[in-house]
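Visitor: Here it is, the structure, as structure tokens.
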Amino acid sequence: MYKISIPDFIHWQKQVKCQAACPIHTDAGRYVQLIAEEKYKDSFLVARSPNPFASVCGRVCAAPCEDFCRRGSIDEPVSIRALKRFVTEKYGVESMHPDTQDVLLTNSFDVGDNKFSGHLPFITSTRKTGETTKRVAVIGAGPAGFACAHDLAAIGYNVTIFESYEILGGMMRHGIPEFRLSRSVIDKEINKIAHLGVNIRTGTALTKNYGITELRKEGFDAIFIAVGTQASREMKVEGSDLDGIINAIDFLININNGYRVPLGKKVLIIGGGFVAFDAARSALRTAIEEDDKKRSANDTTHLAIDTARSARRAGVLEIAIASLESFEEMPVLRTAQGKEEFEEAQKEGIKFHTQRGIKRFIGKNGTVTGVELIGVKQAYDKDGKFNPMYDNSIHESMEADTVILAIGQQPKLNFIQEKDGIELNPSGTVKVNPETLQTTAPSVYAGGDVAFGPRNLIDAIANGKHAALSIDNYLHGHKAKLSYTLSVEKIDTREYQTAVGYETLQRKSPDTIPIDRRTGIVEVETNYTEEEAIKQAQRCLLCHVQTIYDGEKCILCGACTDVCPEYCLKLIPADTMLVDPEIKEKVFNHYNVNGNTAISAMIKDDERCIRCGLCALVCPTDAMTMERMYYTEEEKIEV
């Protein structure tokens with residue numbers, strides 16, 4: 001028996017898995033396909049349409065699109081994130097054509113991509129009503145705050161961002177090392193948003209004496225809280241107050257803002273997420289620079305010591321990560337981008353100690369000298385919840401001059417007062433309505449880490465955009481009614497073609513600079529060459545294209561099932577279908593047969609289909625065709 005579902009609009013929508021997985025609904029498959037067609041400008045505009053930080057995401061996005069890419073279920077996912085960087089370097093803010101994106105403000109761009117209401121052309125076409133006197137305050141100049149400000153400014157609001165630091169970018173700047181994300185790219189993205197008319201007040205922290213109530217008194221009609229989670233969680237074990245134990249966020253903020261952090265020869269990072277990886281790789285570079293300075297001061301001539309030689313020098317430098325999780329359990333290693341980050345860390349000489357928990361910190365004269373570890377049987381219970389089960393039969397001790405704790409963050413919300421009417425969750429985050437991101441105070445919204453805890457950059461951007469539309473609805477009394485328009489284009493079988501050998505092309509990540517040149521702020525990852533980008537883009541399985549079967553024309557020759565290289569087509573007896581009885585009855589009535597009549601049905605496994613088009617090519621009656629489908633989410637504003 002075969003369990004059957006009848007394809008509908010939602011089915012076709014979910015076939016483009018990369019877009020369905022993207023929190024801001026970027027049509028990644030389409031911009032990848034446009035790269036394969038060498039239409040780089042169009043590709044960039046598709047990538048930029050929903051994303052005010054496209055250039056940043058081309059370098060450091062966690063890329064959930066890759067984790068859901070259908071090619072990944074066959075061999076390895078398409079290198080979507082790196083391909084985004086390829087086109088942003090041609091037309092993004094860091095390119096020679098930084099104003100290319102401006103066309104998106106006019107709603108005059110269309111290359112047949114799947115569009116959502118949150119994409120830039122639709123924001124301006126359906127929401128913009130001319131100048132408005134409404135004012136919105138955004139608290140926090142990170143990705144969530146700037147994404148919210150970007151969309152509100154594009155609509156026409158007077159937006160002011162309040163930032164406690166003198167520099168902008170939030171954890172994009174303070175938390176992500178420069179060897180992964182150039183500061184010039186952050187600055188250029190922010191400047192482009194500021195040019196939309198966003199007011200920015202740096203060095204203005206909200207406090208108990210200058211908070212939500214004061215902002216309301218200044219005339220702000222709505223407020224979006226996006227302060228992130230820059231306070232690290234504490235580890236309450238013996239010795240946790242020793243000198244030399246520092247929090248990863250504090251460490252990264254200091255390093256990324258140019259402050260020196262003495263580390264010593266042996267550094268241990270506690271944690272298993274992206275923050276732990278960033279801390280470890282930053283510590284490596286910091287320790288090497290420290291070692292360089294000491295040695296060059298003692299030498300008559302400057303001695304250039306590269307990363308690989310310094311990391312291998314016995315007793316000079318040891319960087320290690322200890323995590324509760326096994327490699328199989330680490331959430332970061334369940335992602336395509338996380339696996340590549342892990343590989344780079346290994347290349348740089350960082351060692352891993354998995355399934356180890358902290359029993360106590362060992363110290364001498366008030367300073368940490370080591371850590372006592374115990375075993376961990378498993379980090380997650382059978383329900384998938386984080387619930388470590390320790391193994392006291394395993395005891396290990398490690399020497400450490402510095403211990404960096406990357407065990408989670410929490411927000412600093414001392415500016416929120418009882419009179420503000422804003423409730424917090426037991427975890428210390430701001431309580432919001434997940435549908436609107438509205439807090440318990442009607443005019444106040446919150447998103448990003450401050451509402452949901454530490455999460456990916458792209459999730460923070462999505463929250464900012466979501467909040468912008470919710471704030472617009474609130475201030476104007478809007479209700480947005482959504483509908484979809486599906487467009488179907490039948491492709492002439494003789495014209496449909498895929499790249500020669502696309503089904504055997506292997507994923508190739510962008511090259512990285514040699515180990516002996518990885519020091520300081522030098523970006524590790526390089527960009528694809530044009531030839532490399534085209535080949536990687538050709539690996540896309542064209543999920544926008546579907547094989548459509550017309551049973552009225554089929555003569556049951558079986559040519560399509562015979563030629564299918566993935567065996568995803570099958571002719572079966574209709575009585576072996578497990579399908580909704582009502583649908584089955586409609587089918588039988590349509591063909592004027594009863595349940596006892598022997599008829600056949602064509603079924604297809606969309607997950608395995610590689611869109612090669614061979615079934616359509618061999619079909620003698622045009623019963624099997626290749627048809628391109630794309631849709632537009634239309635938003636009707638009701639007052």
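By convention in this document, the chains of the structure tokens carry letters A, B, ... by their order, each chain's residues are numbered from 1, and ligands are numbered from 1 in the order they are shown.
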Just want the 10 Å neighbourhood of region 325-328 of chain A, counted on only C-alpha atoms, with same-chain residues fewer than 5 positions away dropped. Output as a PDB file with C-alpha atoms, in the first residue's frame.
Guide:
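Dumped to around_38.pdb:
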ATOM      1  CA  GLY A 271      30.474  25.206  25.841  1.00  0.00           C
ATOM      2  CA  GLY A 272      29.567  23.692  22.499  1.00  0.00           C
ATOM      3  CA  GLY A 273      27.793  26.371  20.468  1.00  0.00           C
ATOM      4  CA  LEU A 333      27.268  20.276  14.338  1.00  0.00           C
ATOM      5  CA  ARG A 334      23.793  19.471  13.071  1.00  0.00           C
ATOM      6  CA  PHE A 352      37.796  19.097  21.760  1.00  0.00           C
ATOM      7  CA  HIS A 353      36.801  17.261  24.930  1.00  0.00           C
ATOM      8  CA  THR A 354      33.212  16.142  24.535  1.00  0.00           C
ATOM      9  CA  GLN A 355      30.812  14.692  27.107  1.00  0.00           C
ATOM     10  CA  ARG A 356      32.546  16.442  29.954  1.00  0.00           C
ATOM     11  CA  GLY A 357      31.001  18.576  32.702  1.00  0.00           C
ATOM     12  CA  VAL A 376      28.436  12.987  30.818  1.00  0.00           C
ATOM     13  CA  LYS A 377      26.409  10.009  29.601  1.00  0.00           C
ATOM     14  CA  GLN A 378      24.046  12.130  27.555  1.00  0.00           C
ATOM     15  CA  ALA A 379      23.157  15.822  27.313  1.00  0.00           C
ATOM     16  CA  TYR A 380      19.565  15.415  26.131  1.00  0.00           C
ATOM     17  CA  PHE A 386      18.515  19.535  27.550  1.00  0.00           C
ATOM     18  CA  PRO A 388      22.496  16.241  31.241  1.00  0.00           C
TER      19      PRO A 388
END
Visitor: Pull the closest atom pair for each residue of region 433-499 of chain A that gets at most 8 Å from region 56-70 of chain A, along with the distance in Å to one decimal, counting only C-alpha atoms, ordering rows by chain and then ascending residue number, as CSV.
Guide:
residue,atom,partner,partner_atom,distance
A:Asn456,CA,A:Ala62,CA,6.5
A:Leu457,CA,A:Cys61,CA,6.5
A:Ile458,CA,A:Cys61,CA,6.5
Visitor: How many Å lie between CA of Lys192 (chain A) and CA of Phe251 (chain A), rounded to one decimal?
Guide: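 About the pair CA of Lys192 (chain A) and CA of Phe251 (chain A): they are 29.4 Å apart.
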Visitor: Using the chain letters and numbers from this document, which residues of region 274-496 of chain A does DSSP assign to strand (DSSP E or B), as JSON, numbers by chain?
Guide: {"A": [318, 319, 320, 321, 322, 351, 352, 353, 356, 357, 358, 359, 360, 361, 362, 363, 364, 367, 368, 369, 370, 371, 372, 373, 374, 375, 376, 377, 378, 379, 380, 386, 387, 388, 389, 390, 391, 392, 393, 394, 395, 396, 397, 398, 399, 402, 403, 404, 405, 409, 410, 424, 430, 438, 444, 445, 446, 479, 480, 481, 482, 483, 484, 485, 486, 487, 488, 489, 490, 491]}
Visitor: Give me the residues near region 434-446 of chain A as a PDB file with N, CA, C and O atoms, in the first residue's frame, where near means some atom within 7 Å (using only C-alpha atoms) and where sequence neighbours in that chain fewer than 3 positions away do not count.
Guide:
ATOM      1  N   ASP A 221       5.444  57.008  19.844  1.00  0.00           N
ATOM      2  CA  ASP A 221       4.145  56.343  19.811  1.00  0.00           C
ATOM      3  C   ASP A 221       4.254  54.832  19.963  1.00  0.00           C
ATOM      4  O   ASP A 221       3.280  54.175  20.332  1.00  0.00           O
ATOM      5  N   ALA A 222       5.402  54.286  19.661  1.00  0.00           N
ATOM      6  CA  ALA A 222       5.637  52.843  19.817  1.00  0.00           C
ATOM      7  C   ALA A 222       7.114  52.629  20.089  1.00  0.00           C
ATOM      8  O   ALA A 222       7.964  53.451  19.722  1.00  0.00           O
ATOM      9  N   ILE A 223       7.419  51.515  20.738  1.00  0.00           N
ATOM     10  CA  ILE A 223       8.798  51.205  21.132  1.00  0.00           C
ATOM     11  C   ILE A 223       9.092  49.747  20.804  1.00  0.00           C
ATOM     12  O   ILE A 223       8.259  48.872  21.055  1.00  0.00           O
ATOM     13  N   PHE A 224      10.263  49.498  20.237  1.00  0.00           N
ATOM     14  CA  PHE A 224      10.712  48.127  19.968  1.00  0.00           C
ATOM     15  C   PHE A 224      11.965  47.870  20.777  1.00  0.00           C
ATOM     16  O   PHE A 224      12.978  48.555  20.614  1.00  0.00           O
ATOM     17  N   ILE A 225      11.902  46.895  21.675  1.00  0.00           N
ATOM     18  CA  ILE A 225      13.048  46.546  22.520  1.00  0.00           C
ATOM     19  C   ILE A 225      13.850  45.435  21.840  1.00  0.00           C
ATOM     20  O   ILE A 225      13.330  44.351  21.589  1.00  0.00           O
ATOM     21  N   ALA A 226      15.107  45.722  21.533  1.00  0.00           N
ATOM     22  CA  ALA A 226      15.973  44.752  20.849  1.00  0.00           C
ATOM     23  C   ALA A 226      17.380  44.849  21.411  1.00  0.00           C
ATOM     24  O   ALA A 226      18.350  45.007  20.663  1.00  0.00           O
ATOM     25  N   GLY A 421       4.516  48.251  32.793  1.00  0.00           N
ATOM     26  CA  GLY A 421       3.525  47.236  32.431  1.00  0.00           C
ATOM     27  C   GLY A 421       4.063  46.139  31.531  1.00  0.00           C
ATOM     28  O   GLY A 421       3.300  45.484  30.824  1.00  0.00           O
ATOM     29  N   ILE A 422       5.366  45.911  31.568  1.00  0.00           N
ATOM     30  CA  ILE A 422       5.998  44.898  30.708  1.00  0.00           C
ATOM     31  C   ILE A 422       6.352  43.680  31.548  1.00  0.00           C
ATOM     32  O   ILE A 422       7.180  43.767  32.457  1.00  0.00           O
ATOM     33  N   GLU A 423       5.754  42.560  31.245  1.00  0.00           N
ATOM     34  CA  GLU A 423       6.029  41.334  31.985  1.00  0.00           C
ATOM     35  C   GLU A 423       7.243  40.608  31.413  1.00  0.00           C
ATOM     36  O   GLU A 423       7.504  40.672  30.204  1.00  0.00           O
ATOM     37  N   VAL A 430      11.825  39.024  27.778  1.00  0.00           N
ATOM     38  CA  VAL A 430      10.581  39.795  27.717  1.00  0.00           C
ATOM     39  C   VAL A 430       9.455  38.915  27.182  1.00  0.00           C
ATOM     40  O   VAL A 430       9.613  38.231  26.170  1.00  0.00           O
ATOM     41  N   LYS A 431       8.323  38.930  27.840  1.00  0.00           N
ATOM     42  CA  LYS A 431       7.170  38.144  27.417  1.00  0.00           C
ATOM     43  C   LYS A 431       6.485  38.843  26.244  1.00  0.00           C
ATOM     44  O   LYS A 431       6.135  40.025  26.325  1.00  0.00           O
ATOM     45  N   ALA A 451      13.753  38.581  23.624  1.00  0.00           N
ATOM     46  CA  ALA A 451      12.443  37.943  23.757  1.00  0.00           C
ATOM     47  C   ALA A 451      12.526  36.426  23.710  1.00  0.00           C
ATOM     48  O   ALA A 451      11.722  35.738  24.341  1.00  0.00           O
ATOM     49  N   ALA A 467       8.299  42.733  13.760  1.00  0.00           N
ATOM     50  CA  ALA A 467       7.876  43.792  14.663  1.00  0.00           C
ATOM     51  C   ALA A 467       7.495  45.056  13.898  1.00  0.00           C
ATOM     52  O   ALA A 467       6.535  45.755  14.272  1.00  0.00           O
ATOM     53  N   SER A 470       4.026  44.708  12.623  1.00  0.00           N
ATOM     54  CA  SER A 470       3.086  44.727  13.738  1.00  0.00           C
ATOM     55  C   SER A 470       2.910  46.136  14.287  1.00  0.00           C
ATOM     56  O   SER A 470       1.796  46.555  14.634  1.00  0.00           O
TER      57      SER A 470
END
Visitor: Within 9 Å of region 126-128 of chain A, counting only C-alpha atoms, which residues show up once you throw out same-chain ones fewer than 2 positions away? Write them as a PDB file with C-alpha atoms, in the first residue's frame, please.
Guide:
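Saved the output as selection_35.pdb:
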ATOM      1  CA  SER A 117       4.708  40.549   1.994  1.00  0.00           C
ATOM      2  CA  PRO A 121       9.035  46.055  -2.766  1.00  0.00           C
ATOM      3  CA  PHE A 122       5.800  45.015  -1.062  1.00  0.00           C
ATOM      4  CA  ILE A 123       6.517  46.933   2.128  1.00  0.00           C
ATOM      5  CA  THR A 124       6.689  50.182   0.192  1.00  0.00           C
ATOM      6  CA  GLY A 130       3.294  59.227   2.553  1.00  0.00           C
ATOM      7  CA  GLU A 131       4.758  61.198   5.451  1.00  0.00           C
ATOM      8  CA  ALA A 154      11.005  52.431   4.223  1.00  0.00           C
ATOM      9  CA  ILE A 155       7.300  52.763   5.013  1.00  0.00           C
ATOM     10  CA  GLY A 156       7.752  56.368   6.093  1.00  0.00           C
ATOM     11  CA  LEU A 469       4.785  45.309  10.382  1.00  0.00           C
ATOM     12  CA  ASP A 472       2.538  49.651  11.606  1.00  0.00           C
ATOM     13  CA  GLU A 634      -0.302  39.635  -1.498  1.00  0.00           C
ATOM     14  CA  GLU A 635      -1.244  41.794   1.448  1.00  0.00           C
ATOM     15  CA  LYS A 636      -4.486  43.714   1.582  1.00  0.00           C
ATOM     16  CA  ILE A 637      -4.571  46.307   4.327  1.00  0.00           C
TER      17      ILE A 637
END
Visitor: May I have the residues within 6 Å of Ser49 (chain A) as a list in words, using only C-alpha atoms and disregarding those fewer than 2 positions away in the same chain?
Guide: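 After dropping sequence-adjacent residues, the list is Leu45, Val46, Ala47, Asn51, His119 and Leu120 of chain A.
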Visitor: Include N, CA, C and O atoms and write out the residues we just selected as an mmCIF file, in the first residue's frame.
Guide:
data_model
loop_
_atom_site.group_PDB
_atom_site.id
_atom_site.type_symbol
_atom_site.label_atom_id
_atom_site.label_comp_id
_atom_site.auth_asym_id
_atom_site.auth_seq_id
_atom_site.Cartn_x
_atom_site.Cartn_y
_atom_site.Cartn_z
ATOM 1 N N LEU A 45 19.490 41.036 -6.207
ATOM 2 C CA LEU A 45 18.252 41.705 -5.820
ATOM 3 C C LEU A 45 17.266 40.735 -5.175
ATOM 4 O O LEU A 45 16.537 41.104 -4.249
ATOM 5 N N VAL A 46 17.252 39.496 -5.638
ATOM 6 C CA VAL A 46 16.408 38.485 -4.985
ATOM 7 C C VAL A 46 16.889 38.243 -3.559
ATOM 8 O O VAL A 46 16.092 38.132 -2.623
ATOM 9 N N ALA A 47 18.205 38.183 -3.368
ATOM 10 C CA ALA A 47 18.771 37.946 -2.039
ATOM 11 C C ALA A 47 18.558 39.142 -1.118
ATOM 12 O O ALA A 47 18.312 38.984 0.083
ATOM 13 N N ASN A 51 16.093 41.136 2.903
ATOM 14 C CA ASN A 51 17.158 41.111 3.904
ATOM 15 C C ASN A 51 18.005 42.381 3.901
ATOM 16 O O ASN A 51 18.838 42.585 3.018
ATOM 17 N N HIS A 119 8.912 41.318 1.905
ATOM 18 C CA HIS A 119 9.980 41.705 0.995
ATOM 19 C C HIS A 119 9.876 43.193 0.691
ATOM 20 O O HIS A 119 8.776 43.757 0.642
ATOM 21 N N LEU A 120 10.993 43.826 0.479
ATOM 22 C CA LEU A 120 11.063 45.283 0.402
ATOM 23 C C LEU A 120 10.089 45.907 -0.602
ATOM 24 O O LEU A 120 9.411 46.886 -0.275
#
Visitor: Can you pull out the residues contacting Ile350 (chain A)? Cut-off 7 Å, using only C-alpha atoms, and skip same-chain residues under 4 positions away; I want them as a PyMOL selection string.
Guide: chain A and resi 319-320+345-346
Visitor: Return the single residue from A:Lys553, A:Arg360, A:Arg281, A:Arg507 that is closest to Gln536 (chain A), with distances computed using only C-alpha atoms.
Guide: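 Smallest separation from Gln536 (chain A) among the options: A:Arg507.
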Visitor: Return the single residue from A:Asp575, A:Arg611, A:His478, A:Thr529 that is closest to Asn594 (chain A), with distances computed using only C-alpha atoms.
Guide: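 Of the candidates, the smallest distance to Asn594 (chain A) is held by A:Asp575.
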Visitor: Calculate how many Å separate CA of Lys14 (chain A) from CA of Ile603 (chain A), rounding to one decimal.
Guide: 18.0 Å
Visitor: Excluding Lys359 (chain A) and residues on its chain fewer than 5 positions from it, collect all residues at most 7 Å away from it, counting only C-alpha atoms, and give them as an mmCIF file with N, CA and C atoms, in the first residue's frame.
Guide:
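Here's the written file around.cif:
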data_model
loop_
_atom_site.group_PDB
_atom_site.id
_atom_site.type_symbol
_atom_site.label_atom_id
_atom_site.label_comp_id
_atom_site.auth_asym_id
_atom_site.auth_seq_id
_atom_site.Cartn_x
_atom_site.Cartn_y
_atom_site.Cartn_z
ATOM 1 N N VAL A 237 29.466 26.622 40.492
ATOM 2 C CA VAL A 237 30.205 25.466 40.998
ATOM 3 C C VAL A 237 31.380 25.988 41.812
ATOM 4 N N GLU A 372 38.445 20.504 37.162
ATOM 5 C CA GLU A 372 38.159 19.095 37.381
ATOM 6 C C GLU A 372 36.872 18.748 36.636
ATOM 7 N N LEU A 373 36.964 17.748 35.763
ATOM 8 C CA LEU A 373 35.847 17.377 34.899
ATOM 9 C C LEU A 373 35.265 16.036 35.312
ATOM 10 N N ILE A 374 33.970 15.859 35.052
ATOM 11 C CA ILE A 374 33.323 14.560 35.209
ATOM 12 C C ILE A 374 32.670 14.184 33.894
#
Visitor: In Å to one decimal, how far is CA of Glu341 (chain A) from CA of Ala287 (chain A)?
Guide: 19.8 Å
